[in-house]
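To start, the structure under review is shown below, and the notes come after it.
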Amino acid sequence: MLNKVSRTKLGPIELEVIHGTIRAAELEIEAAVERTARSPMIRDQHDYRVALFDAKGRKLTGRSYSAIVEPVFTYFEEGDIHPGDVFFWNDPYNSCGGIGHVPDLCTTVPIFFGDRLIGFSQVFGHHDDIGGAVPGSLPVHATDSWMEGALIPPIKLYEGGKLNKAAFKIITRNSRLSEHLAGDLDAEIGAARLGSRRIVALAERYGIETLEEAFDQILKNTAEIFRREILPKIKDGVYHFEDYIEADGVDEPRLHALRLTMTKTPEKIVLDFNGTDPEAKGPINWALDEMEGRYFRKWLAPALRSLAGSPERAAEIDSNEGVLDIIDVIFPAKGTLITPNFGKPTGMRFFLMLRSLGVFTACLSKATGGKMPADHETIRIWGLTGGSTQNDFYLFREVLGGGSPGRPWADGSDVVHIVPNSKNLPAEFSETRYPILVEQLALKEDSGGAGFRRGGFGYDKIIRALGDCRLISNADRSMLGCYGVNGGRAGLNYQVSVIDKKGKETVHPGMSDTVKVKAGTSVRVVTTGGGGWGDPLKREIDKVVYDVQCGLVSRKAARDFYGVVLKKAGRKWTADVTATKALRREMSKARGRLGMFDRGPYFEKLKKKGAVTYPDKWKDPDAGWVATAID
Amino acid sequence: MGLRIAIDTGGTFTDVVAIDEETGEIAAVKTPSTPADPSIGLVEGVQKILDTLDRGAEDVRMLLHGSTVATNAVLEHKFDGLGLLVTRGTRHMIEIARQSVPDGYGNSFFWVKPPRLVPLHLVREVPGRMRFDGSELEPIDEKATLKAVKELVEDGVRCIGVCLLHSYANGDHEQRIGELIRKTYPDVFVSLSSVVLPEYREYERAMTTLIDVLVKPYCKTYLQNAADKIRAKSGDIPFLIMQSNGGVVKHSTAGERPVTMLLSGPAAGILGSIHMAQLAGYKDILTIDVGGTSTDVAIIENYKPMYTSASMVESYPVKTPMLDIVTVGSGGGSIAWTDPYGSLKVGPRSAGADPGPICYRKGGTKPTVTDAAIVLGRLPAALIGGEIKLDLDAARRAYDELGRQFGMPAEEIAAGALEIAAVNQVFGIRQVTTSRGREPGQYAMVAFGGAGGLFAAEVADFLGIKTIISPPNPGNLCAFGLHVSDVRRDYIRTLVRQQSSANAAEIIEAWADLTKLGVDDIRAEGIPREKIMIQKVADLRYFGEGHEVQVDIPPELSDAEAIDYMWKNLHRVHDQTFGFHYEGEQDVELVNLRVQAVGTQHRPSLKQDIAIRQPAVPFAKRKVYWRNSGWVNCPLYRRTELAIGQNIEGPAVIEEYGSTVVVPASWTLRSDSYGNLILEKSA
C-alpha cells in the first residue's frame with residue numbers, strides 16, 4: 001500500500017508515461033483528422049495542425065507548429081469557459097499569426113476534469129473555401145480582408161455541448177462548398193475531443209497536481225534541451241539580415257523587405273523586426289503582433305534544431321511552449337508587413353512564413369560561422385483552369401515543392417514540400433482527371449545552388465494543355481533565388497512559361513492568374529533550387545562527377561561553379577584531376593574571399609541598378625561577412 | 001501417417017512445427033537460423049523434428065515455409081546491378097517520388113532524402129506512350145529500347161524493372177520490352193510493372209516493380225536450392241511459401257513474383273491467432289506479437305484479417321496487397337535508459353537477440369525489458385524449461401545502477417521500465433485502431449511471441465480490453481499458422497470509371513478476366529476447381545477524392561447485381577471507414593477492380609485435450625513485485641498441468657517451455673481444451 005502514494009507523485013516513470021501519452025495523443029488526433037476530414041487540402045495535402053495545451057494555453061505537444069489558444073482568452077473570461085464548449089475562429093487578426101489566412105479554420109475544445117479546466121485540445125485545417133472573391137479563398141489581387149472571405153472572431157460554436165445552430169448556418173452559408181466545410185468541422189471537433197479524452201485519462205490516473213507538475217516539467221525540459229544543446233553553439237552578439245517578397249499581386253513588383261536584428265546572449269535570443277517594410281496593398285501580409293508574439297516565437301524555434309548534433313537528434317527535439325523561455329520577439333509599430341493594420345489582406349502569408357525562417361537562419365549562420373542550412377522556398381501553387389459551364393469546369397492545381405537547402409551534413413533534398421507528408425499528384429492521376437498530358441516530369445538541371453553541399457533540385461515540369469484554359473501561378477522567388485550560405489551559391493529561381501506549338505517560350509510573372517493557354521501548347525514550371533552550402537571548389541570531385549553522370553549538373557556548371565574539368569569516354573564521365581586542381585587553384589585566387597551569402601545574379605543586378613535600398617541606420621546586412629573555410 | 005511440417009525462418013531461430021495428419025498431434029522444435037544460406041537451417045530443422053518424432057523423411061507429405069530472404073535482401077541494401085526503364089520525359093520519377101518530407105514542420109531544413117533504389121544514371125527513357133484509357137499515343141521504338149537495355153547491361157545492370165506510364169491500362173509496350181530483353185539477354189532478371197502491380201500511380205508502381213526484380217535473384221536461387229534439398233530426401237512433395245497476403249503458393253510461383261514474399265514474416269502468426277481464437281470462441285480480436293525488438297499489431301473482425309496496399313519497407317513503398325500488420329512499440333529486448341535530461345526511456349534501441357538481455361550472459365550490458373521482468377520475479381530465473389540459467393544478479397545490478405540515478409530501488413525502476421514498455425505498445429495500438437475508426441475495447445487480445453504473455457494484461461488495462469488469449473506455444477505461433485493457411489493470389493486492374501458514365505459490360509469483362517486468371521493460377525497450384533473461392537473487390541471513391549475504399553462483393557451475386565452492389569455499398573463502407581458519406585450528392589468513381597483467388601487447403605484437425613485432471617496446484621511460490629502492491633508471494637503454475645475449466649485468480653505466474661504468462665491481480669485465468677489460456681478482467 002505504501003506504493004500507492006509514490007505512484008501519484010511525479011517520478012521519472014510518471015513523467016515518461018505522461019509525456020509519451022501527450023506525444024501519442026498528438027499523433028492520434030492527426031490520425032482521426034485524416035480519417036474523417038473532407039477537404040482535399042487536409043486529407044491529401046495534409047495542411048492541418050493539431051495541438052494539446054494546458055489550462056494556461058501553454059502548448060504541450062511538440063512535433064509540429066500549431067495555432068494558439070490565447071484568442072479564446074481575449075474573448076472569454078476563465079469563468080466563461082465550460083465543459084462541452086467548442087471555440088471556433090478563423091480571424092487572422094486575433095490569432096497573432098497562428099491562423100494566418102481565412103481558409104484556416106480553428107476549433108478548440110477545453111478539457112475538463114470534473115469542473116476543473118485542465119487544458120485545451122485544438123485542430124485547425126486549410127479548408128476548401130470560406131467565401132471571398134475567388135473559389136478557394138486565396139485571391140491574388142485582394143486588397144482587403146473581406147475580399148478573402150468570411151472573418152470569424154473566436155465564438156462558441158458549441159456551448160455546454162449544444163451546437164450554436166445560427167452560427168453554424170452563417171459559417172457554412174459563407175462557403176462555396178458548405179458540405180465539405182460542415183464535414184471538416186465535425187471531423188476536427190471529433191478529433192479534438194479524442195485528444196481531450198487522453199488528457200482526462202491521465203488526470204484520472206495521476207491526479208491533477210501530478211499532471212500539472214508533469215506539464216511544467218515537460219516544458220522545462222524542452223527549454224533545457226535548447227539551452228544545453230543549441231544555444232552554446234550560437235555566438236553571443238548582434239546580427240542583422242533581410243530578405244524580400246518580390247511582388248504583392250497588386251502594386252508593380254518591387255522588393256518588400258523583412259528585416260531582422262538578432263541579439264544573442266548566453267540565455268536568450270531576441271528577434272527585433274524593426275526596419276521591416278510597410279504593409280502591402282496585396283495579400284502578402286501576416287498579422288503577428290499580438291500576445292507577445294507567442295505564436296511567432298513557436299513558429300521560428302524549430303529552425304534552431306538544425307544546430308542539433310545530427311539530423312536524427314534534430315527530429316527528436318520537441319518545440320513546445322518551453323521554447324518561449326529562449327526566444328523573444330520585438331515587433332515594429334503598426335503598419336508593417338508583419339504588423340499590418342486590421343483589414344489588410346493576408347492570403348499569401350506563406351511567403352513571409354518562409355522568409356521569416358530564412359532571415360532567422362541567416363542570422364544564425366552569421367553567429368555560428370556558417371553552420372546553418374542555406375535557404376529554401378517550398379510552397380507555391382500553380383494550376384490550369386478551364387471550362388465554361390458547371391459541367392466542364394475544372395481546376396488542375398498542384399502545390400509544388402522546391403529543392404531543400406545545402407547544409408553542413410548533406411546536400412539538399414530534391415523537390416520537398418514544407419508541409420509534412422504533403423504529396424504531389426501522380427501523372428497518371430492528373431491525366432485521367434484533367435485534359436492535360438504530362439510531357440516531362442523532371443528535376444531542373446543545375447537548379448540546386450552550387451556548394452560543398454549543394455542545394456536540392458527544383459522541378460522542371462512540362463504539361464501540355466489539351467483544351468483552352470487559363471494559367472494560375474501563386475509563387476514568390478520567381479526572380480530572386482534562394483540564398484546560399486557560407487560560400488555556397490544561390491539556387492535557381494521559380495519560373496513559369498508557356499511554350500507554343502512552334503517551341504517559342506514566353507515567361508510569365510510568378511503571380512499570375514489571367515494568362516490564357518491555348519489547346520496544344522505547353523506550360524513549363526520550374527521551381528526553386530535550394531541554396532548551396534560551403535565553397536563549391538571544395539566539393540569532392542567524385543560527387544561532382546556523379547551529379548554530371550546523372551545529368552543533374554551540367555558539364556558547364558561543373559567547370560564554372562565547381563572548377564571540375566571533365567572528360568567523357570563512351571557514356572562515362574571522369575574528372576581530369578590534375579587539370580581540376582589547377583583550375584580550382586586559379587579560380588580560388590581570382591575570386592578572393594568568399595562571402596557568407598550569395599543571393600544570385602538577379603539580386604546583384606538590382607543592387608548595381610541601385611534598386612536595393614536600406615532604411616536609416618540600416619546597412620547592407622551581407623557586407624563584410626565572409627565564409628568560414630572548409631578543411 | 002503423413003506429416004505436414006511448417007518451417008518459419010526468423011532472424012535468429014528457425015521454428016519448426018509438425019502436425020500428424022491423422023492424429024492431429026503437434027510437435028515443435030527450434031534450431032538456429034543460418035542467414036548465409038537459410039536452406040541449411042531449413043533442412044536441419046526438418047531433420048531435428050523428424051528425429052524428435054522418430055520418423056523418416058519419407059513420411060513428410062508437405063512442407064510449408066515462411067522466409068525472410070526477400071525482406072533481408074532489401075534491408076541489407078543489396079541494390080547493385082539494378083536498372084529501370086521508364087517512359088520518355090519521366091527519368092526523374094523515382095528521384096522526385098511524392099515530394100513529401102516525413103513528420104514535423106521545419107524538418108525540410110534538416111531531413112536528408114534517402115538514397116534511391118536505382119542511381120539516376122541507370123534509369124533510361126524509352127520512346128512510346130500510352131494514354132490513361134489504354135490507347136496508344138506513340139508506338140514503341142524497339143531499336144531505341146534495345147540500345148537502352150544494351151547500355152544498362154554494359155553498365156553492370158543484371159535486374160531491370162520496367163515501368164511505363166499508364167501500363168496498367170495497356171501493358172503491350174511493357175510486354176514487348178520484356179520479350180526483347182528476355183530474347184537478347186536471357187540471364188537478365190526482368191519485372192514488368194503491368195504484371196507486378198497493374199495499378200495507377202506511377203511512382204509506387206515503379207518502386208514495387210523494382211523491389212520485385214531486386215529480390216528475384218535471391219529468392220529464386222534460395223527457393224530452388226531448398227526445393228532441391230527437400231526433393232532429394234522426401235521426393236516431389238508440395239513445398240509451399242507464405243506470402244505477405246497471408247496465403248501460400250508453390251515455391252516456383254513465389255520465385256516468379258517474389259515481392260509477394262516481402263514482409264511475410266508475421267503473416268502466418270495472424271492465421272494462427274485467428275485459428276486459435278476461433279477455437280476459443282472469439283471472432284473479433286486484436287493480436288500483439290511481442291518479439292525481441294518490436295511488437296506487431298493486427299486487427300481481425302469476424303475471423304477476417306484486414307488488408308492494406310500501403311506498406312513501406314524502410315522508405316520504399318510496396319503496394320502489393322498485404323495483411324495489415326503494424327509494427328509498434330517495444331519488445332523484450334528493448335533497452336531502458338536515461339536521457340541527459342533525467343527522463344527514463346525504454347527503446348527504441350534494442351539488444352535484440354545478440355548480445356541480448358544482460359541475464360542471457362551473451363555479453364549484453366544494457367538493461368532490457370526482459371531483465372526488468374527477471375528482477376521483478378515475473379519471469380523465472382531460468383530459460384526454456386530450466387536449460388539455461390539466467391543471470392539474475394547481473395540484471396539486478398543493472399537496475400540498481402539505473403535506479404540510483406533517480407534515487408529509486410531496482411525493483412521500482414524495473415517495474416517502471418515494464419510500465420513504459422507497456423504504454424509504448426498502447427500508444428502504437430491506439431494509433432492503429434483510431435486511424436481505422438475502431439475502439440480497442442471491442443476486441444479480445446491474442447498475445448503471442450516470446451514476450452507476449454509478459455505484460456499483455458497491463459496493455460489490456462490501458463486499452464479497456466477485458467479478454468486476453470494466450471495460444472499454446474505462443475513462441476512459435478507463426479510456424480503453427482503456416483499449417484492453417486490457404487493458397488492465395490491477388491489480382492488487380494485499374495479501371496477509372498464514373499458511375500454516371502460507366503459501361504457495365506466493360507467492368508464485367510475485366511472482372512471475368514481477373515477471375516479466369518485466378519482460377520487458372522490456383523488450379524496450377526494443384527487445387528481442384530470446387531475448392532477455389534473467388535472474392536471480387538472494387539476500390540471506389542467519391543469523384544474528387546484522392547483515396548479509395550474497398551467494397552467486397554458477395555459471391556452469390558450475378559454480374560449485374562455485383563455492379564449495382566458495388567456502386568451502392570461505397571456509401572456504407574465509406575461511412576464505416578471515414579465516418580461520413582455523400583449518398584445521392586456526389587458521383588462515385590471506380591478506381592480498381594480486384595480479385596482474390598483462394599484455394600482452400602485441408603486443415604489438420606487439432607487434437608483436443610479432453611483428459612480429466614485434478615486442478616493444478618502451484619509447483620512453487622516466488623516473490624513478484626508490482627508497483628501498486630510491492631513484493632507479493634505469488635503462486636507459480638506449470639501450463640501443462642492446468643485442468644480445463646480451472647480458474648486461477650491473479651496474481652499468479654504460469655510457466656511453460658519457452659514462455660511465461662503473468663496474471664496480475666484483478667485478472668482471472670482459465671484454460672480450454674485446445675491449450676489456450678484465457679485471461680479475463682475480474683469485475
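Residue numbering restarts at 1 for every chain of the C-alpha cells, chains are lettered A, B, ... in their displayed order, and ligands are numbered from 1 as they appear.
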Near Val16 of chain B, within 7 Å and counting only C-alpha atoms, which residues show up once chain neighbours fewer than 5 positions away are dropped, as a list in words?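 The neighbour list is Ile5, Ala6, Ile7, Asp8, Ala28, Val29, Lys30, Gly45 and Ala479 of chain B.
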Spatial neighbours of segment 277-291 of chain A, max dist 6 Å, only C-alpha atoms, sep filter under 5 positions, as a list in words: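 Using only C-alpha atoms, the neighbours found are Tyr93, Cys96, Gly97, Ala142, Thr143, Asp248, Gly249, Val250, His256, Ala257, Gly335, Thr336, Leu337, Ile338, Thr339, Pro340, Pro345, Thr346, Gly347, Met348 and Arg349 of chain A.
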Could you write out the selected residues, including C-alpha atoms, as a PDB file, in the first residue's frame?
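Contents of result06.pdb, freshly written:
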```pdb
ATOM      1  CA  TYR A  93      -6.235  39.495 -36.788  1.00  0.00           C
ATOM      2  CA  CYS A  96      -1.075  36.570 -33.592  1.00  0.00           C
ATOM      3  CA  GLY A  97      -0.356  34.716 -36.812  1.00  0.00           C
ATOM      4  CA  ALA A 142      -7.174  41.047 -52.967  1.00  0.00           C
ATOM      5  CA  THR A 143      -6.777  44.487 -51.480  1.00  0.00           C
ATOM      6  CA  ASP A 248       2.273  41.676 -53.697  1.00  0.00           C
ATOM      7  CA  GLY A 249      -0.042  40.883 -56.587  1.00  0.00           C
ATOM      8  CA  VAL A 250      -1.470  44.416 -56.612  1.00  0.00           C
ATOM      9  CA  HIS A 256       9.156  44.145 -49.843  1.00  0.00           C
ATOM     10  CA  ALA A 257      11.778  43.633 -47.141  1.00  0.00           C
ATOM     11  CA  GLY A 335       1.688  49.228 -40.264  1.00  0.00           C
ATOM     12  CA  THR A 336       4.421  46.858 -41.463  1.00  0.00           C
ATOM     13  CA  LEU A 337       4.266  43.556 -43.330  1.00  0.00           C
ATOM     14  CA  ILE A 338       4.161  41.670 -40.016  1.00  0.00           C
ATOM     15  CA  THR A 339       2.157  44.269 -38.074  1.00  0.00           C
ATOM     16  CA  PRO A 340      -0.480  45.151 -40.641  1.00  0.00           C
ATOM     17  CA  PRO A 345      -5.184  41.035 -46.931  1.00  0.00           C
ATOM     18  CA  THR A 346      -3.107  38.030 -45.766  1.00  0.00           C
ATOM     19  CA  GLY A 347      -3.906  35.162 -48.149  1.00  0.00           C
ATOM     20  CA  MET A 348      -0.339  34.530 -49.339  1.00  0.00           C
ATOM     21  CA  ARG A 349       1.196  34.896 -45.906  1.00  0.00           C
TER      22      ARG A 349
END
```
Pick out the chain B residues within 7 Å of chain A. Count only C-alpha atoms. Give them as number ranges by chain. B: 89-93, 96, 98-106, 108-113, 120-121, 132, 165-166, 200-202, 341, 343-345, 416, 420, 423, 427, 431, 434-435, 545-546, 578-579, 627-630
Quick one: residues within 7 Å of Gly132 of chain A, only C-alpha atoms, excluding same-chain residues fewer than 6 positions away - as a PyMOL selection string? chain A and resi 146-150
Filtering to N, CA and C atoms, could you give me those residues as a compact mmCIF listing (two decimals), in the first residue's frame?
```
# COMPACT_ATOMS: atom_id res chain seq x y z
N TRP A 146 -11.79 41.41 -46.52
CA TRP A 146 -13.16 40.97 -46.85
C TRP A 146 -13.24 40.35 -48.23
N MET A 147 -12.29 40.69 -49.10
CA MET A 147 -12.26 40.04 -50.41
C MET A 147 -11.80 38.58 -50.29
N GLU A 148 -11.21 38.27 -49.13
CA GLU A 148 -10.64 36.93 -48.97
C GLU A 148 -11.62 35.93 -48.37
N GLY A 149 -12.72 36.43 -47.83
CA GLY A 149 -13.70 35.50 -47.28
C GLY A 149 -14.25 35.98 -45.95
N ALA A 150 -15.09 35.11 -45.35
CA ALA A 150 -15.73 35.48 -44.08
C ALA A 150 -14.70 35.51 -42.95
```
Residues near Gly24 of chain B, anyone? I mean within 7 Å using only C-alpha atoms, not counting same-chain ones fewer than 2 positions away, as a list in words. Ile19, Asp20, Glu21, Glu22, Ile26, Pro604, Ser605, Leu606 and Lys607 of chain B
Which residue gives the smallest distance to Leu42 of chain B among B:Ala227, B:Ile678, B:Ile654, B:Leu84, with only C-alpha atoms counted?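 Selected residue with least distance to Leu42 of chain B: B:Ala227.
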Quick one: DSSP alpha helix (DSSP H) residues in segment 161-281 of chain A, as number ranges by chain? A: 165-173, 178-206, 208-225
Hey, can you spit out that residue selection with C-alpha atoms as a PDB file, in the first residue's frame?
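After the write, selection12.pdb holds the following:
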```
ATOM      1  CA  LYS A 165     -27.068  26.416 -34.986  1.00  0.00           C
ATOM      2  CA  ALA A 166     -27.316  30.021 -36.063  1.00  0.00           C
ATOM      3  CA  ALA A 167     -23.547  30.407 -36.084  1.00  0.00           C
ATOM      4  CA  PHE A 168     -23.108  27.107 -37.888  1.00  0.00           C
ATOM      5  CA  LYS A 169     -25.564  28.162 -40.591  1.00  0.00           C
ATOM      6  CA  ILE A 170     -23.864  31.505 -41.063  1.00  0.00           C
ATOM      7  CA  ILE A 171     -20.453  29.880 -41.398  1.00  0.00           C
ATOM      8  CA  THR A 172     -21.483  27.161 -43.819  1.00  0.00           C
ATOM      9  CA  ARG A 173     -23.632  29.616 -45.810  1.00  0.00           C
ATOM     10  CA  SER A 178     -20.663  24.199 -47.448  1.00  0.00           C
ATOM     11  CA  GLU A 179     -20.975  20.387 -47.312  1.00  0.00           C
ATOM     12  CA  HIS A 180     -17.209  19.999 -47.152  1.00  0.00           C
ATOM     13  CA  LEU A 181     -16.953  22.722 -44.586  1.00  0.00           C
ATOM     14  CA  ALA A 182     -19.546  21.173 -42.298  1.00  0.00           C
ATOM     15  CA  GLY A 183     -17.860  17.781 -42.606  1.00  0.00           C
ATOM     16  CA  ASP A 184     -14.434  19.212 -41.872  1.00  0.00           C
ATOM     17  CA  LEU A 185     -15.700  20.946 -38.758  1.00  0.00           C
ATOM     18  CA  ASP A 186     -17.264  17.744 -37.454  1.00  0.00           C
ATOM     19  CA  ALA A 187     -14.022  15.870 -38.144  1.00  0.00           C
ATOM     20  CA  GLU A 188     -11.896  18.450 -36.367  1.00  0.00           C
ATOM     21  CA  ILE A 189     -14.146  18.688 -33.349  1.00  0.00           C
ATOM     22  CA  GLY A 190     -14.337  14.898 -33.076  1.00  0.00           C
ATOM     23  CA  ALA A 191     -10.560  14.605 -33.275  1.00  0.00           C
ATOM     24  CA  ALA A 192     -10.005  17.373 -30.719  1.00  0.00           C
ATOM     25  CA  ARG A 193     -12.418  15.662 -28.318  1.00  0.00           C
ATOM     26  CA  LEU A 194     -10.500  12.410 -28.734  1.00  0.00           C
ATOM     27  CA  GLY A 195      -7.320  14.215 -27.667  1.00  0.00           C
ATOM     28  CA  SER A 196      -9.153  15.656 -24.706  1.00  0.00           C
ATOM     29  CA  ARG A 197     -10.142  12.158 -23.517  1.00  0.00           C
ATOM     30  CA  ARG A 198      -6.494  11.108 -23.400  1.00  0.00           C
ATOM     31  CA  ILE A 199      -5.622  14.004 -21.105  1.00  0.00           C
ATOM     32  CA  VAL A 200      -8.619  13.304 -18.865  1.00  0.00           C
ATOM     33  CA  ALA A 201      -7.451   9.676 -18.555  1.00  0.00           C
ATOM     34  CA  LEU A 202      -4.078  10.947 -17.355  1.00  0.00           C
ATOM     35  CA  ALA A 203      -5.769  13.135 -14.755  1.00  0.00           C
ATOM     36  CA  GLU A 204      -7.764  10.145 -13.559  1.00  0.00           C
ATOM     37  CA  ARG A 205      -4.656   8.046 -13.260  1.00  0.00           C
ATOM     38  CA  TYR A 206      -2.306  10.531 -11.644  1.00  0.00           C
ATOM     39  CA  ILE A 208      -4.394  16.971 -11.381  1.00  0.00           C
ATOM     40  CA  GLU A 209      -1.463  18.120  -9.257  1.00  0.00           C
ATOM     41  CA  THR A 210       0.886  15.444 -10.572  1.00  0.00           C
ATOM     42  CA  LEU A 211      -0.324  16.045 -14.103  1.00  0.00           C
ATOM     43  CA  GLU A 212       0.248  19.786 -13.937  1.00  0.00           C
ATOM     44  CA  GLU A 213       3.617  19.240 -12.343  1.00  0.00           C
ATOM     45  CA  ALA A 214       4.455  16.993 -15.290  1.00  0.00           C
ATOM     46  CA  PHE A 215       3.302  19.683 -17.762  1.00  0.00           C
ATOM     47  CA  ASP A 216       5.705  22.140 -16.110  1.00  0.00           C
ATOM     48  CA  GLN A 217       8.497  19.608 -16.257  1.00  0.00           C
ATOM     49  CA  ILE A 218       7.919  18.780 -19.939  1.00  0.00           C
ATOM     50  CA  LEU A 219       8.169  22.450 -20.897  1.00  0.00           C
ATOM     51  CA  LYS A 220      11.158  22.991 -18.643  1.00  0.00           C
ATOM     52  CA  ASN A 221      12.960  20.036 -20.211  1.00  0.00           C
ATOM     53  CA  THR A 222      12.417  21.441 -23.694  1.00  0.00           C
ATOM     54  CA  ALA A 223      13.852  24.806 -22.703  1.00  0.00           C
ATOM     55  CA  GLU A 224      16.759  22.971 -21.109  1.00  0.00           C
ATOM     56  CA  ILE A 225      17.437  20.965 -24.282  1.00  0.00           C
TER      57      ILE A 225
END
```
When you draw a straight line from atom CA of Asp104 of chain A to atom CA of Ile68 of chain A, how long is it in Å?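 These atoms are spaced 12.7 Å apart.
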Who sits within 12 Å of Gly161 of chain A, only C-alpha atoms, same chain under 3 positions skipped, as JSON, numbers by chain: {"A": [81, 82, 83, 84, 85, 86, 87, 109, 110, 156, 157, 158, 164, 165, 189, 193]}
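Across the model, the gap from atom CA of Glu419 of chain B to atom CA of Leu477 of chain B is 25.3 Å.
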Which value, in Å to one decimal, gives the distance between atom CA of Arg585 of chain A and atom CA of Ala629 of chain A? 14.6 Å
Report as a VMD selection string: the residues of segment 207-301 of chain A with a DSSP assignment of strand (DSSP E), based on the backbone of this structure. chain A and resid 237 to 245 256 to 264 269 to 272
Convert the current residue selection to file output with C-alpha atoms, as a tab-separated table (two decimals), in the first residue's frame.
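So selection-v1.tsv came out as:
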```tsv
chain	number	residue	atom	x	y	z
A	237	GLY	CA	26.32	39.22	-30.35
A	238	VAL	CA	24.05	41.30	-32.57
A	239	TYR	CA	23.31	40.19	-36.13
A	240	HIS	CA	21.26	41.63	-38.99
A	241	PHE	CA	19.65	40.18	-42.06
A	242	GLU	CA	16.90	40.96	-44.52
A	243	ASP	CA	15.08	39.19	-47.30
A	244	TYR	CA	12.30	40.06	-49.70
A	245	ILE	CA	8.95	39.28	-51.21
A	256	HIS	CA	9.16	44.15	-49.84
A	257	ALA	CA	11.78	43.63	-47.14
A	258	LEU	CA	11.52	41.71	-43.90
A	259	ARG	CA	14.32	42.96	-41.62
A	260	LEU	CA	15.67	41.26	-38.53
A	261	THR	CA	18.13	42.22	-35.81
A	262	MET	CA	19.00	39.19	-33.70
A	263	THR	CA	20.63	39.68	-30.31
A	264	LYS	CA	22.08	36.57	-28.77
A	269	ILE	CA	17.73	35.04	-28.45
A	270	VAL	CA	15.91	38.32	-29.03
A	271	LEU	CA	14.50	38.89	-32.52
A	272	ASP	CA	13.74	42.51	-33.39
```
